[in-house]
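One structure is given here, and the rest of the page talks about it.
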Amino acid sequence: MGELNFEKGGGLLPAIVQDYETNEVLMLAYVNRESFDKTVETGKATYWSRSRNTLWVKGETSGNLQLVREIRIDCDSDTVLFKVEQKGGAACHKGYRSCFYRSVKDGKTEIVGEKIFDPEEVYGK
């Protein structure tokens, strides 16, 4: 996979995550070389957590795994697109199907997404 340019983003590439059947954008995360290689190896979306400074397999705690069905690379080789099968129905750690569950209308934010689970029950927060 020599065509990915990890140096351009300081070792991290944005990973856009999309439902492979509906094309709904579920989330944006980051991958480094190790997490990208792990994703390719296992078929499970594995990201680099910037806040925890470690690898994380999406759904490891919540059970909402992302099984990668297709990987695409953008024209500049500095962004990847993971088309995934979202297990458990929710991609967002706040319990929503998509991390993009809010919309701005007339200068106000409103929730437009479907909440799938209660984060306090899943994560104890």
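A note on labels: chains of the structure tokens are A, B, ... as shown, every chain counts residues from 1, and ligands are counted from 1 in their shown order.
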
Considering only C-alpha atoms, give me a table of residues in segment 13-64 of chain A that are at most 12 Å from segment 103-113 of chain A, with the closest atom pair and distance in Å for each, as JSON lines.
{"residue": "A:Glu24", "atom": "CA", "partner": "A:Gly113", "partner_atom": "CA", "distance": 11.5}
{"residue": "A:Val25", "atom": "CA", "partner": "A:Gly113", "partner_atom": "CA", "distance": 11.8}
{"residue": "A:Leu26", "atom": "CA", "partner": "A:Gly113", "partner_atom": "CA", "distance": 10.8}

Using only N, CA and C atoms, please write the residues we just selected to a file, as a CSV table (one decimal), in the first residue's frame.
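Dumped to part-v1.csv:
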chain,number,residue,atom,x,y,z
A,24,GLU,N,-24.9,6.3,3.6
A,24,GLU,CA,-25.0,7.3,4.7
A,24,GLU,C,-23.7,7.5,5.3
A,25,VAL,N,-23.3,8.7,5.5
A,25,VAL,CA,-22.0,9.0,6.2
A,25,VAL,C,-22.2,8.8,7.7
A,26,LEU,N,-21.4,7.9,8.3
A,26,LEU,CA,-21.6,7.5,9.7
A,26,LEU,C,-20.7,8.2,10.6

Could you build a table of the residues in segment 47-67 of chain A lying no more than 12 Å from segment 29-43 of chain A, giving for each the nearest pair of atoms and their separation in Å rounded to one decimal place, using only C-alpha atoms, ordered by chain and ascending residue number, as JSON lines?
{"residue": "A:Tyr47", "atom": "CA", "partner": "A:Val31", "partner_atom": "CA", "distance": 4.9}
{"residue": "A:Trp48", "atom": "CA", "partner": "A:Val31", "partner_atom": "CA", "distance": 5.1}
{"residue": "A:Ser49", "atom": "CA", "partner": "A:Tyr30", "partner_atom": "CA", "distance": 7.2}
{"residue": "A:Arg50", "atom": "CA", "partner": "A:Tyr30", "partner_atom": "CA", "distance": 7.9}
{"residue": "A:Ser51", "atom": "CA", "partner": "A:Tyr30", "partner_atom": "CA", "distance": 11.1}
{"residue": "A:Asn53", "atom": "CA", "partner": "A:Asn32", "partner_atom": "CA", "distance": 11.0}
{"residue": "A:Thr54", "atom": "CA", "partner": "A:Ser35", "partner_atom": "CA", "distance": 9.4}
{"residue": "A:Leu55", "atom": "CA", "partner": "A:Ser35", "partner_atom": "CA", "distance": 6.4}
{"residue": "A:Trp56", "atom": "CA", "partner": "A:Ser35", "partner_atom": "CA", "distance": 8.1}
{"residue": "A:Val57", "atom": "CA", "partner": "A:Thr39", "partner_atom": "CA", "distance": 8.6}
{"residue": "A:Lys58", "atom": "CA", "partner": "A:Ala29", "partner_atom": "CA", "distance": 10.0}
{"residue": "A:Leu65", "atom": "CA", "partner": "A:Gly43", "partner_atom": "CA", "distance": 10.4}
{"residue": "A:Gln66", "atom": "CA", "partner": "A:Gly43", "partner_atom": "CA", "distance": 8.5}
{"residue": "A:Leu67", "atom": "CA", "partner": "A:Gly43", "partner_atom": "CA", "distance": 5.8}

- From a DSSP calculation on the backbone, collect every residue of segment 44-123 of chain A in strand (DSSP E) and output the set as JSON, numbers by chain. {"A": [46, 47, 48, 49, 54, 55, 56, 57, 66, 67, 68, 69, 70, 71, 72, 73, 80, 81, 82, 83, 84, 85, 86, 102, 103, 104, 105, 108, 109, 110, 111]}

- Could you check which of A:Lys83, A:Arg69, A:Lys94, A:Arg102 is closest to Glu121 of chain A, using only C-alpha atoms? A:Lys94

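Of the residues under consideration (A:Ala15, A:Ala91, A:Val84, A:Met27), A:Ala91 shows the shortest atom-to-atom contact distance to Glu60 of chain A when counting only C-alpha atoms.
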
- Item | alpha helix (DSSP H) call set, DSSP backbone run, chain A, as a ChimeraX atom specification | /A:33-42,119-123

- Would you list the contacts of Thr79 of chain A as a ChimeraX atom specification, taking every protein, DNA or RNA residue within 7 Å and counting only C-alpha atoms, but skipping same-chain residues closer than 6 positions in sequence? /A:13-15,73

Output N, CA, C and O atoms for every residue in the selection just made, as a JSON list (two decimals), in the first residue's frame.
[["chain", "number", "residue", "atom", "x", "y", "z"],
["A", 13, "LEU", "N", -4.24, 9.99, 8.59],
["A", 13, "LEU", "CA", -5.12, 10.28, 7.47],
["A", 13, "LEU", "C", -6.57, 10.29, 7.96],
["A", 13, "LEU", "O", -6.95, 9.45, 8.77],
["A", 14, "PRO", "N", -7.39, 11.22, 7.46],
["A", 14, "PRO", "CA", -8.81, 11.14, 7.77],
["A", 14, "PRO", "C", -9.42, 9.90, 7.12],
["A", 14, "PRO", "O", -9.06, 9.53, 6.00],
["A", 15, "ALA", "N", -10.32, 9.27, 7.83],
["A", 15, "ALA", "CA", -11.06, 8.11, 7.33],
["A", 15, "ALA", "C", -12.54, 8.44, 7.39],
["A", 15, "ALA", "O", -13.12, 8.54, 8.47],
["A", 73, "ILE", "N", -9.44, 5.17, -1.82],
["A", 73, "ILE", "CA", -8.41, 6.17, -1.54],
["A", 73, "ILE", "C", -8.68, 7.38, -2.44],
["A", 73, "ILE", "O", -8.95, 7.21, -3.63]]

- Item | Point-to-point distance from atom CA of Val122 of chain A to atom CA of Ser62 of chain A, Å rounded to tenths | 6.0 Å
